[in-house]
$ cat work_11.txt   # compact mmCIF, C-alpha atoms
# COMPACT_ATOMS: atom_id res chain seq x y z
CA MET A 147 -66.71 -24.18 -40.24
CA ARG A 148 -63.12 -24.90 -39.36
CA ALA A 149 -62.86 -27.33 -42.24
CA ALA A 150 -64.51 -24.88 -44.62
CA PHE A 151 -62.28 -21.95 -43.71
CA PHE A 152 -58.89 -23.42 -42.75
CA ILE A 153 -58.54 -27.04 -43.98
CA ARG A 154 -57.35 -27.43 -47.56
CA HIS A 155 -59.62 -29.45 -49.82
CA ASN A 156 -56.89 -31.71 -51.21
CA THR A 157 -55.36 -32.67 -47.85
CA ALA A 158 -55.60 -36.21 -46.50
CA ASN A 159 -54.38 -35.63 -42.95
CA ARG A 160 -55.86 -37.14 -39.84
CA LEU A 161 -58.15 -34.18 -39.23
CA ALA A 162 -59.66 -34.38 -42.73
CA ARG A 163 -60.20 -38.13 -42.43
CA SER A 164 -62.05 -37.58 -39.17
CA TYR A 165 -64.78 -35.73 -41.09
CA ALA A 166 -65.80 -38.86 -43.01
CA PRO A 167 -68.99 -40.54 -41.70
CA HIS A 168 -68.25 -43.70 -39.75
CA GLY A 169 -69.06 -46.86 -41.69
CA GLU A 170 -69.94 -45.04 -44.94
CA ALA A 171 -67.74 -44.74 -48.03
CA VAL A 172 -68.75 -41.19 -48.93
CA ALA A 173 -66.72 -38.00 -49.19
CA PRO A 174 -67.49 -35.24 -46.65
CA GLN A 175 -68.74 -32.01 -48.23
CA ILE A 176 -69.19 -28.61 -46.54
CA GLU A 177 -70.91 -25.47 -47.76
CA VAL A 178 -70.78 -22.20 -45.81
CA GLY A 179 -72.17 -18.77 -46.61
CA PHE A 180 -71.11 -15.55 -44.88
CA GLU A 181 -70.71 -11.80 -45.33
CA ALA A 182 -67.34 -10.06 -45.48
CA ARG A 183 -66.10 -6.72 -46.80
CA GLY A 184 -69.61 -5.61 -47.59
CA GLY A 185 -70.46 -8.60 -49.77
CA GLU A 186 -71.76 -12.14 -49.61
CA TRP A 187 -69.35 -15.05 -49.82
CA GLN A 188 -69.97 -18.77 -50.23
CA VAL A 189 -67.47 -21.61 -49.78
CA THR A 190 -68.05 -25.17 -50.95
CA LYS A 191 -65.47 -27.85 -50.13
CA ARG A 192 -65.29 -31.58 -50.79
CA PHE A 193 -62.64 -33.73 -49.07
CA LEU A 194 -60.95 -37.10 -49.68
CA LYS A 195 -62.78 -38.40 -52.78
CA SER A 196 -62.91 -36.07 -55.80
CA ALA A 197 -61.65 -33.24 -53.59
CA SER A 198 -62.66 -29.79 -54.78
CA VAL A 199 -63.20 -26.25 -53.57
CA GLU A 200 -65.22 -23.35 -54.92
CA VAL A 201 -65.40 -19.80 -53.56
CA ARG A 202 -68.11 -17.41 -54.70
CA SER A 203 -67.49 -13.74 -53.95
CA PRO A 204 -68.79 -10.40 -55.18
CA ASN A 205 -65.94 -10.49 -57.69
CA GLY A 206 -66.89 -13.87 -59.13
CA ARG A 207 -66.09 -17.54 -58.63
CA ALA A 208 -62.75 -19.26 -58.02
CA GLN A 209 -61.81 -22.94 -57.80
CA GLY A 210 -58.82 -25.03 -56.77
CA GLU A 211 -55.66 -23.32 -55.58
CA ASP A 212 -56.96 -19.90 -56.60
CA ALA A 213 -59.95 -20.38 -54.35
CA GLU A 214 -57.73 -21.49 -51.44
CA ALA A 215 -55.42 -18.49 -51.92
CA GLN A 216 -58.38 -16.10 -52.12
CA LEU A 217 -59.90 -17.59 -48.96
CA GLN A 218 -56.59 -17.37 -47.06
CA ALA A 219 -56.11 -13.75 -48.08
CA LEU A 220 -59.63 -12.93 -46.94
CA LEU A 221 -59.28 -14.64 -43.54
CA GLY A 222 -55.63 -13.68 -42.91
CA ALA A 223 -54.51 -17.32 -42.62
CA ARG A 224 -51.71 -19.36 -44.13
CA ARG A 225 -51.36 -22.85 -45.54
CA ASP A 226 -51.61 -25.56 -42.86
CA THR A 227 -49.49 -28.66 -43.49
CA SER A 228 -49.85 -30.33 -40.07
CA GLN A 229 -51.65 -33.63 -39.49
CA ALA A 230 -53.87 -32.49 -36.61
CA GLY A 231 -54.36 -28.89 -37.69
CA ASP A 232 -52.29 -25.97 -36.42
CA ALA A 233 -54.37 -23.20 -34.86
CA ALA A 234 -51.45 -20.79 -35.28
CA ALA A 235 -51.90 -21.00 -39.06
CA HIS A 236 -55.51 -19.82 -38.83
CA GLY A 237 -54.63 -16.21 -38.07
CA ALA A 238 -56.77 -14.02 -35.85
CA LEU A 239 -59.85 -16.21 -36.31
CA GLY A 240 -57.89 -19.11 -34.80
CA LEU A 241 -58.08 -17.35 -31.44
CA LEU A 242 -61.87 -17.66 -31.54
CA TRP A 243 -61.85 -21.35 -32.41
CA VAL A 244 -62.07 -23.69 -29.37
CA GLY A 245 -61.71 -27.38 -30.11
CA GLN A 246 -63.25 -30.21 -28.21
CA ALA A 247 -61.66 -30.87 -24.79
CA GLN A 248 -59.56 -27.69 -25.23
CA ALA A 249 -61.71 -25.17 -23.41
CA LEU A 250 -59.32 -24.90 -20.43
CA GLU A 251 -56.09 -24.91 -22.43
CA VAL A 252 -54.18 -21.65 -22.86
CA THR A 253 -52.22 -21.47 -26.11
CA PRO A 254 -50.18 -18.47 -27.23
CA PRO A 255 -51.21 -16.71 -30.44
CA GLY A 256 -49.44 -17.65 -33.63
CA GLU A 257 -46.88 -15.70 -35.55
CA ILE A 258 -49.49 -14.29 -37.93
CA VAL A 259 -51.52 -12.83 -35.08
CA ARG A 260 -48.44 -11.43 -33.36
CA ASP A 261 -47.22 -9.81 -36.57
CA SER A 262 -50.60 -8.25 -37.33
CA VAL A 263 -51.03 -6.97 -33.76
CA ARG A 264 -47.48 -5.60 -33.76
CA ALA A 265 -48.02 -3.86 -37.09
CA THR A 266 -51.32 -2.37 -35.90
CA LEU A 267 -49.79 -1.09 -32.66
CA GLU A 268 -46.79 0.35 -34.45
CA ALA A 269 -49.07 2.14 -36.88
CA GLU A 270 -51.23 3.51 -34.06
CA VAL A 271 -48.21 4.61 -32.00
CA GLY A 272 -46.60 6.22 -35.03
CA THR A 273 -49.79 8.11 -35.77
CA ILE A 274 -50.07 9.32 -32.19
CA MET A 275 -46.39 10.19 -31.67
CA GLY A 276 -45.98 12.06 -34.93
CA GLY A 277 -49.34 13.76 -35.34
CA ALA A 278 -50.68 17.18 -34.42
CA ALA A 279 -52.57 15.74 -31.48
CA TYR A 280 -49.27 14.60 -30.00
CA GLN A 281 -47.81 18.09 -30.41
CA ARG A 282 -50.79 19.57 -28.60
CA VAL A 283 -50.89 17.03 -25.80
CA ARG A 284 -47.14 16.72 -25.09
CA PRO A 285 -46.60 20.26 -23.63
CA ARG A 286 -49.54 19.83 -21.28
CA ILE A 287 -48.25 16.43 -20.19
CA ASP A 288 -44.78 17.89 -19.58
CA SER A 289 -46.18 20.79 -17.55
CA GLN A 290 -48.34 18.46 -15.48
CA PHE A 291 -45.41 16.09 -15.00
CA ALA A 292 -43.23 19.02 -13.84
CA ASP A 293 -45.86 19.77 -11.17
CA TYR A 294 -45.28 16.32 -9.69
CA SER A 295 -41.66 15.33 -10.47
CA THR A 296 -38.35 16.75 -11.63
CA ASN A 297 -36.56 15.78 -14.82
CA THR A 298 -34.51 13.23 -12.86
CA GLY A 299 -37.64 11.55 -11.49
CA ARG A 300 -37.49 13.00 -7.97
CA PRO A 301 -40.79 14.08 -6.40
CA SER A 302 -41.50 17.81 -6.28
CA GLY A 303 -44.35 20.31 -6.18
CA ARG A 304 -47.75 18.75 -5.80
CA GLN A 305 -46.32 15.29 -5.19
CA LEU A 306 -44.29 16.53 -2.21
CA ALA A 307 -47.31 18.43 -0.91
CA ALA A 308 -49.48 15.36 -1.36
CA ARG A 309 -46.93 13.20 0.44
CA THR A 310 -46.73 15.72 3.28
CA GLU A 311 -50.50 15.81 3.55
CA HIS A 312 -50.57 12.02 3.45
CA GLU A 313 -48.02 11.78 6.27
CA VAL A 314 -49.95 14.34 8.34
CA ALA A 315 -53.19 12.49 7.69
CA GLN A 316 -51.51 9.18 8.54
CA ARG A 317 -50.24 10.55 11.85
CA ALA A 318 -53.66 12.01 12.61
CA ALA A 319 -55.27 8.69 11.76
CA ASN A 320 -52.83 6.84 14.03
CA GLU A 321 -53.52 9.27 16.85
CA ALA A 322 -57.24 8.90 16.25
CA VAL A 323 -56.91 5.12 16.38
CA ILE A 324 -55.00 5.35 19.66
CA ARG A 325 -57.55 7.75 21.12
CA LEU A 326 -60.38 5.55 19.89
CA ALA A 327 -58.80 2.51 21.56
CA ALA A 328 -58.38 4.49 24.79
CA LEU A 329 -61.99 5.67 24.55
CA GLU A 330 -63.23 2.13 23.96
CA GLN A 331 -61.22 0.97 26.98
CA GLY A 332 -62.72 3.81 29.03
CA PHE A 333 -66.21 2.80 27.94
CA SER A 334 -65.48 -0.81 28.89
CA ASP A 335 -64.19 0.25 32.31
CA LEU A 336 -67.26 2.47 32.77
CA GLU A 337 -69.61 -0.39 31.95
CA ALA A 338 -67.78 -2.66 34.39
CA ALA A 339 -67.95 0.01 37.11
CA ARG A 340 -71.65 0.50 36.46
CA ALA A 341 -72.23 -3.24 36.74
CA ARG A 342 -70.37 -3.36 40.07
CA LEU A 343 -72.31 -0.31 41.27
CA LYS A 344 -75.60 -2.00 40.43
CA VAL A 345 -74.54 -5.06 42.40
CA LEU A 346 -73.59 -2.92 45.40
CA ASP A 347 -76.86 -0.97 45.22
CA ARG A 348 -78.81 -4.21 45.10
CA ASP A 349 -76.92 -5.58 48.09
CA LEU A 350 -77.44 -2.38 50.09
CA ALA A 351 -81.14 -2.26 49.26
CA ASP A 352 -81.63 -5.85 50.49
CA THR A 353 -82.62 -5.66 54.24
CA THR A 354 -82.82 -9.41 54.72
CA ASP A 355 -79.04 -9.73 54.81
CA ALA A 356 -78.45 -7.05 57.48
CA GLU A 357 -78.37 -9.55 60.38
CA ARG A 358 -76.18 -11.85 58.38
CA ARG A 359 -73.80 -8.97 57.68
CA LYS A 360 -73.71 -8.15 61.41
CA ALA A 361 -72.94 -11.77 62.23
CA LEU A 362 -70.27 -11.80 59.57
CA VAL A 363 -68.80 -8.57 60.96
CA GLY A 364 -68.67 -10.16 64.43
CA GLN A 365 -67.04 -13.25 63.02
CA ILE A 366 -64.57 -11.04 61.20
CA GLU A 367 -63.66 -9.31 64.48
CA VAL A 368 -63.22 -12.68 66.18
CA ALA A 369 -61.11 -13.84 63.26
CA ARG A 370 -58.99 -10.71 63.50
CA SER A 371 -58.44 -11.31 67.24
CA ALA A 372 -57.56 -14.92 66.53
CA ALA A 373 -55.20 -13.79 63.81
CA GLN A 374 -53.49 -11.35 66.19
CA LEU A 375 -53.18 -14.09 68.82
CA ARG A 376 -51.84 -16.45 66.18
CA ASP A 377 -49.29 -13.85 65.09
CA THR A 378 -48.23 -13.41 68.73
CA ARG A 379 -47.81 -17.15 69.20
CA ARG A 380 -45.91 -17.38 65.94
CA ALA A 381 -43.59 -14.59 67.10
CA GLU A 382 -43.01 -16.39 70.42
CA GLN A 383 -42.46 -19.63 68.55
CA GLY A 384 -39.97 -17.86 66.32
CA ARG A 385 -38.06 -16.53 69.33
CA LEU A 386 -38.04 -19.97 70.95
CA ALA A 387 -36.88 -21.50 67.69
CA ASP A 388 -34.06 -18.94 67.56
CA GLN A 389 -33.07 -19.80 71.14
CA VAL A 390 -33.15 -23.52 70.37
CA LYS A 391 -31.07 -22.90 67.30
CA ALA A 392 -28.59 -20.88 69.37
CA LEU A 393 -28.37 -23.70 71.93
CA ASP A 394 -27.82 -26.20 69.15
CA ASP A 395 -25.05 -24.02 67.81
CA LEU A 396 -23.46 -23.80 71.27
CA THR A 397 -23.69 -27.58 71.67
CA THR A 398 -22.09 -28.09 68.30
CA ARG A 399 -19.35 -25.61 69.11
CA LEU A 400 -18.74 -27.30 72.51
CA ALA A 401 -18.43 -30.69 70.84
CA ASP A 402 -16.06 -29.20 68.26
CA ALA A 403 -14.02 -27.60 71.07
CA ARG A 404 -13.78 -30.88 72.98
CA ARG A 405 -12.77 -32.68 69.82
CA ALA A 406 -10.16 -30.01 69.16
CA VAL A 407 -8.82 -30.30 72.75
CA SER A 408 -8.46 -34.07 72.42
CA GLU A 409 -6.76 -33.70 69.06
CA THR A 410 -4.45 -31.02 70.47
CA THR A 411 -3.54 -33.24 73.45
CA ALA A 412 -2.71 -36.13 71.16
CA ALA A 413 -0.65 -33.84 68.96
CA LEU A 414 1.17 -32.48 72.05
CA ASP A 415 2.05 -36.01 73.18
CA LYS A 416 3.36 -36.83 69.74
CA ALA A 417 5.37 -33.60 69.75
CA ARG A 418 6.88 -34.44 73.13
CA GLU A 419 7.85 -37.92 71.96
CA HIS A 420 9.34 -36.43 68.83
CA ARG A 421 11.21 -33.86 70.96
CA SER A 422 12.77 -36.56 73.15
CA GLY A 423 13.89 -38.39 70.02
CA LEU A 424 15.34 -35.16 68.65
CA GLU A 425 17.23 -34.51 71.91
CA GLU A 426 18.88 -37.94 71.70
CA GLU A 427 19.77 -37.31 68.08
CA LEU A 428 21.15 -33.88 69.07
CA ALA A 429 23.42 -35.43 71.73
CA SER A 430 24.76 -38.01 69.32
CA THR A 431 25.21 -35.31 66.71
CA ARG A 432 27.19 -33.19 69.17
CA GLU A 433 29.46 -36.15 69.94
CA ARG A 434 30.03 -36.72 66.24
CA ALA A 435 30.72 -33.02 65.82
CA GLY A 436 33.42 -33.13 68.57
CA THR A 437 35.04 -36.14 66.94
CA ALA A 438 34.92 -34.38 63.58
CA ARG A 439 36.57 -31.27 65.09
CA SER A 440 39.45 -33.31 66.50
CA ARG A 441 39.90 -35.05 63.17
CA LEU A 442 39.80 -31.69 61.45
CA GLY A 443 42.64 -30.40 63.70
CA ILE A 444 44.76 -33.45 62.91
CA ALA A 445 44.05 -33.01 59.20
CA ARG A 446 45.06 -29.37 59.37
CA ASP A 447 48.36 -30.27 61.07
CA ASN A 448 49.03 -32.89 58.42
CA ARG A 449 48.24 -30.32 55.76
CA ARG A 450 50.72 -27.83 57.21
CA GLU A 451 53.42 -30.49 57.35
CA ALA A 452 52.67 -31.49 53.77
CA HIS A 453 52.90 -27.84 52.66
CA ALA A 454 56.29 -27.49 54.41
CA ALA A 455 57.60 -30.66 52.73
CA LEU A 456 56.27 -29.42 49.40
CA ASP A 457 58.10 -26.10 49.79
CA ALA A 458 61.39 -27.86 50.64
CA ALA A 459 61.01 -30.19 47.66
CA THR A 460 60.26 -27.23 45.42
CA ARG A 461 63.42 -25.43 46.54
CA LEU A 462 65.49 -28.58 46.03
CA ILE A 463 64.11 -29.09 42.54
CA ALA A 464 64.84 -25.46 41.67
CA ALA A 465 68.46 -25.81 42.88
CA ARG A 466 68.94 -28.99 40.87
CA ALA A 467 67.46 -27.37 37.78
CA ARG A 468 69.80 -24.39 38.19
CA GLN A 469 72.83 -26.61 38.46
CA THR A 470 71.75 -28.51 35.35
CA GLU A 471 71.30 -25.29 33.40
CA ILE A 472 74.71 -24.02 34.53
CA GLY A 473 76.35 -27.24 33.28
CA GLN A 474 74.57 -26.93 29.93
CA VAL A 475 75.69 -23.29 29.60
CA ARG A 476 79.29 -24.23 30.30
CA GLN A 477 79.12 -27.01 27.69
CA ARG A 478 77.73 -24.62 25.06
CA HIS A 479 80.48 -22.09 25.92
CA ALA A 480 83.12 -24.77 25.41
CA GLU A 481 81.59 -25.59 22.03
CA LEU A 482 81.56 -21.92 20.99
CA LEU A 483 85.28 -21.37 21.51
CA PRO A 484 86.42 -23.58 18.53
CA LEU A 485 83.70 -22.05 16.39
CA GLU A 486 84.99 -18.55 17.16
CA ALA A 487 88.51 -19.63 16.12
CA GLU A 488 87.20 -21.02 12.83
CA LEU A 489 85.26 -17.80 12.26
CA GLY A 490 88.46 -15.74 12.66
CA ALA A 491 90.32 -17.94 10.19
CA ALA A 492 87.48 -17.64 7.69
CA ARG A 493 87.53 -13.88 7.97
CA VAL A 494 91.29 -13.84 7.27
CA LEU A 495 90.78 -16.10 4.26
CA GLY A 496 87.97 -13.86 3.01
CA THR A 497 90.31 -10.91 2.80
CA THR A 498 92.57 -12.84 0.35
CA LEU A 499 89.78 -13.94 -2.07
CA ILE A 500 89.10 -12.23 -5.52
CA PRO A 501 85.91 -10.18 -5.58
CA THR A 502 83.00 -11.50 -7.58
CA SER A 503 82.79 -8.45 -9.86
CA ILE A 504 86.35 -8.96 -11.01
CA ILE A 505 85.64 -12.62 -11.76
CA LYS A 506 82.60 -11.62 -13.87
CA ALA A 507 84.67 -9.04 -15.79
CA LEU A 508 87.37 -11.61 -16.53
CA GLU A 509 84.75 -14.06 -17.81
CA GLU A 510 83.31 -11.44 -20.13
CA ARG A 511 86.76 -10.61 -21.52
CA GLU A 512 87.48 -14.29 -22.12
CA ARG A 513 84.26 -14.60 -24.08
CA ALA A 514 85.24 -11.53 -26.14
CA VAL A 515 88.65 -13.06 -26.90
CA ASP A 516 87.02 -16.31 -27.98
CA LYS A 517 84.72 -14.43 -30.32
CA ALA A 518 87.67 -12.51 -31.83
CA ARG A 519 89.60 -15.72 -32.40
CA ALA A 520 86.66 -17.30 -34.08
CA ALA A 521 86.31 -14.30 -36.35
CA VAL A 522 90.04 -14.36 -37.29
CA GLU A 523 89.96 -18.06 -38.02
CA ALA A 524 86.92 -17.64 -40.16
$ encode --input "work_11.txt" --output "structure tokens"
Amino acid sequence: MRAAFFIRHNTANRLARSYAPHGEAVAPQIEVGFEARGGEWQVTKRFLKSASVEVRSPNGRAQGEDAEAQLQALLGARRDTSQAGDAAAHGALGLLWVGQAQALEVTPPGEIVRDSVRATLEAEVGTIMGGAAYQRVRPRIDSQFADYSTNTGRPSGRQLAARTEHEVAQRAANEAVIRLAALEQGFSDLEAARARLKVLDRDLADTTDAERRKALVGQIEVARSAAQLRDTRRAEQGRLADQVKALDDLTTRLADARRAVSETTAALDKAREHRSGLEEELASTRERAGTARSRLGIARDNRREAHAALDAATRLIAARARQTEIGQVRQRHAELLPLEAELGAARVLGTTLIPTSIIKALEERERAVDKARAAVEA
């Protein structure tokens, strides 16, 4: 059927060659009859050798390419040029075709199927969105939507009430679960108490164990007395242990005190020896201090004498410096006397000299005379 509907008669691909009988040199031929569009159709195809195709329809017969085109238009397929056969070229019927060893494979629909489905959905949606039914249904949908949500998508109205009821119911359910758990625990405790009560009733009803219980009670009293005596002995033992511990502490403290006394005695002896050594050093130090004091007195006397000699030398140097300065002053005075005489003579000579302004005027007049002479000679 796949070959009759979707494989072209004049193809020689691998799929068409697979239809040939093995070991026989004959051309495969297929003939299929079916009903479509209210009429009977018949397809006859021959592959490989003397390839041909014939389509019989209510409108007549067609052969060759016309038959292939008519068959493709009827089935909604397109021309397949692949070697192994492309199921996407078979259209919507290709989705129903399952090849060998391909039952578990999932392949997406081809472009033809997607286009046809898209066109169908668009047509249906356009009919619904633009028809009178849409105009009748839309207001009711809007009113019902307004009962549950606002225009911005926030819950309101019935939705809020439903949420509130849900929360209340949830809290009630949680409380019921808690109460149920408590009740189950109470039932369990009651069953355990009943079991213990049955055991006690059975023990009380049994008279054979009365003497044993009396003996056990007596033994319990004896055990209690023994326990009290044991506690008393333990208390006495504790007191004795405390006393022994106190004696041990006293012994330890006595040994520590004796050790401390011996160490103190040894330290005292060492201190006394050190003190005797320090006394000897103190005596020698005092002797050295007396010697140093006497030397200090001698040094002070020498210092006073040196200061006195220094003062006398200072006065002598000052007197000599004064005499030297006096001699220098006298020498400078003797040198100034001739200079003062020369200064007086210069002053007298200065009174007899021609002033500079007069000399400049004479020079200017001489230049004027020279210019006049030059002009006359010219």
$ atom_distance --input "work_11.txt" --atom1 "CA of Asp288 (chain A)" --atom2 "CA of Ala308 (chain A)"
19.0 Å
$ residues_near_point --input "work_11.txt" --point "(-63.5, -30.4, -52.7)" --cutoff "9 Å" --atoms "all atoms listed in the file" --output "ChimeraX atom specification"
/A:154-156,173-176,190-200,210
$ write_last_selection --input "work_11.txt" --atoms "C-alpha atoms" --output "JSON list (two decimals), in the frame of the given file"
[["chain", "number", "residue", "atom", "x", "y", "z"],
["A", 154, "ARG", "CA", -57.35, -27.43, -47.56],
["A", 155, "HIS", "CA", -59.62, -29.45, -49.82],
["A", 156, "ASN", "CA", -56.89, -31.71, -51.21],
["A", 173, "ALA", "CA", -66.72, -38.00, -49.19],
["A", 174, "PRO", "CA", -67.49, -35.24, -46.65],
["A", 175, "GLN", "CA", -68.74, -32.01, -48.23],
["A", 176, "ILE", "CA", -69.19, -28.61, -46.54],
["A", 190, "THR", "CA", -68.05, -25.17, -50.95],
["A", 191, "LYS", "CA", -65.47, -27.85, -50.13],
["A", 192, "ARG", "CA", -65.29, -31.58, -50.79],
["A", 193, "PHE", "CA", -62.64, -33.73, -49.07],
["A", 194, "LEU", "CA", -60.95, -37.10, -49.68],
["A", 195, "LYS", "CA", -62.78, -38.40, -52.78],
["A", 196, "SER", "CA", -62.91, -36.07, -55.80],
["A", 197, "ALA", "CA", -61.65, -33.24, -53.59],
["A", 198, "SER", "CA", -62.66, -29.79, -54.78],
["A", 199, "VAL", "CA", -63.20, -26.25, -53.57],
["A", 200, "GLU", "CA", -65.22, -23.35, -54.92],
["A", 210, "GLY", "CA", -58.82, -25.03, -56.77]]
$ atom_distance --input "work_11.txt" --atom1 "CA of Ser203 (chain A)" --atom2 "CA of Val189 (chain A)"
8.9 Å
$ closest_residue --input "work_11.txt" --among "A:Ala445, A:Gln290, A:Val390, A:Ala401" --to "Ser302 (chain A)" --atoms "only C-alpha atoms"
A:Gln290
$ atom_distance --input "work_11.txt" --atom1 "CA of Ala162 (chain A)" --atom2 "CA of Arg148 (chain A)"
10.6 Å
$ closest_residue --input "work_11.txt" --among "A:Ala150, A:Asp335, A:Gly169, A:Asp261" --to "Leu221 (chain A)" --atoms "all atoms listed in the file"
A:Ala150
$ axis_aligned_box --input "work_11.txt" --around "region 186-190 of chain A" --padding-each-side "4 Å" --output "lines of an AutoDock Vina configuration file"
center_x = -69.6
center_y = -18.7
center_z = -50.3
size_x = 12.3
size_y = 21.0
size_z = 9.3
$ decode --input "work_11.txt" --residues "region 332-349 of chain A" --atoms "N, CA and C atoms" --output "PDB file, in the first residue's frame"
ATOM      1  N   GLY A 332      -4.615   7.696  73.070  1.00  0.00           N
ATOM      2  CA  GLY A 332      -5.417   7.374  74.257  1.00  0.00           C
ATOM      3  C   GLY A 332      -5.949   5.951  74.218  1.00  0.00           C
ATOM      4  N   PHE A 333      -6.405   5.534  73.020  1.00  0.00           N
ATOM      5  CA  PHE A 333      -6.877   4.158  72.884  1.00  0.00           C
ATOM      6  C   PHE A 333      -5.749   3.161  73.147  1.00  0.00           C
ATOM      7  N   SER A 334      -4.559   3.481  72.638  1.00  0.00           N
ATOM      8  CA  SER A 334      -3.416   2.583  72.862  1.00  0.00           C
ATOM      9  C   SER A 334      -3.083   2.494  74.346  1.00  0.00           C
ATOM     10  N   ASP A 335      -3.071   3.663  75.017  1.00  0.00           N
ATOM     11  CA  ASP A 335      -2.797   3.656  76.460  1.00  0.00           C
ATOM     12  C   ASP A 335      -3.872   2.885  77.220  1.00  0.00           C
ATOM     13  N   LEU A 336      -5.129   3.040  76.783  1.00  0.00           N
ATOM     14  CA  LEU A 336      -6.223   2.322  77.443  1.00  0.00           C
ATOM     15  C   LEU A 336      -6.072   0.814  77.276  1.00  0.00           C
ATOM     16  N   GLU A 337      -5.701   0.379  76.078  1.00  0.00           N
ATOM     17  CA  GLU A 337      -5.505  -1.050  75.856  1.00  0.00           C
ATOM     18  C   GLU A 337      -4.354  -1.580  76.707  1.00  0.00           C
ATOM     19  N   ALA A 338      -3.276  -0.794  76.808  1.00  0.00           N
ATOM     20  CA  ALA A 338      -2.152  -1.235  77.642  1.00  0.00           C
ATOM     21  C   ALA A 338      -2.556  -1.316  79.107  1.00  0.00           C
ATOM     22  N   ALA A 339      -3.335  -0.309  79.574  1.00  0.00           N
ATOM     23  CA  ALA A 339      -3.790  -0.331  80.971  1.00  0.00           C
ATOM     24  C   ALA A 339      -4.717  -1.521  81.227  1.00  0.00           C
ATOM     25  N   ARG A 340      -5.579  -1.801  80.254  1.00  0.00           N
ATOM     26  CA  ARG A 340      -6.462  -2.963  80.412  1.00  0.00           C
ATOM     27  C   ARG A 340      -5.671  -4.263  80.479  1.00  0.00           C
ATOM     28  N   ALA A 341      -4.623  -4.351  79.657  1.00  0.00           N
ATOM     29  CA  ALA A 341      -3.797  -5.562  79.691  1.00  0.00           C
ATOM     30  C   ALA A 341      -3.111  -5.707  81.048  1.00  0.00           C
ATOM     31  N   ARG A 342      -2.561  -4.592  81.566  1.00  0.00           N
ATOM     32  CA  ARG A 342      -1.931  -4.665  82.892  1.00  0.00           C
ATOM     33  C   ARG A 342      -2.949  -5.007  83.975  1.00  0.00           C
ATOM     34  N   LEU A 343      -4.172  -4.454  83.846  1.00  0.00           N
ATOM     35  CA  LEU A 343      -5.219  -4.747  84.832  1.00  0.00           C
ATOM     36  C   LEU A 343      -5.594  -6.221  84.807  1.00  0.00           C
ATOM     37  N   LYS A 344      -5.662  -6.792  83.616  1.00  0.00           N
ATOM     38  CA  LYS A 344      -5.965  -8.222  83.526  1.00  0.00           C
ATOM     39  C   LYS A 344      -4.885  -9.059  84.201  1.00  0.00           C
ATOM     40  N   VAL A 345      -3.630  -8.656  83.998  1.00  0.00           N
ATOM     41  CA  VAL A 345      -2.535  -9.399  84.632  1.00  0.00           C
ATOM     42  C   VAL A 345      -2.628  -9.305  86.143  1.00  0.00           C
ATOM     43  N   LEU A 346      -2.927  -8.091  86.648  1.00  0.00           N
ATOM     44  CA  LEU A 346      -3.055  -7.924  88.100  1.00  0.00           C
ATOM     45  C   LEU A 346      -4.235  -8.719  88.651  1.00  0.00           C
ATOM     46  N   ASP A 347      -5.358  -8.690  87.938  1.00  0.00           N
ATOM     47  CA  ASP A 347      -6.522  -9.472  88.395  1.00  0.00           C
ATOM     48  C   ASP A 347      -6.200 -10.957  88.427  1.00  0.00           C
ATOM     49  N   ARG A 348      -5.478 -11.423  87.423  1.00  0.00           N
ATOM     50  CA  ARG A 348      -5.125 -12.841  87.395  1.00  0.00           C
ATOM     51  C   ARG A 348      -4.184 -13.195  88.542  1.00  0.00           C
ATOM     52  N   ASP A 349      -3.250 -12.287  88.832  1.00  0.00           N
ATOM     53  CA  ASP A 349      -2.330 -12.558  89.940  1.00  0.00           C
ATOM     54  C   ASP A 349      -3.055 -12.546  91.286  1.00  0.00           C
TER      55      ASP A 349
END
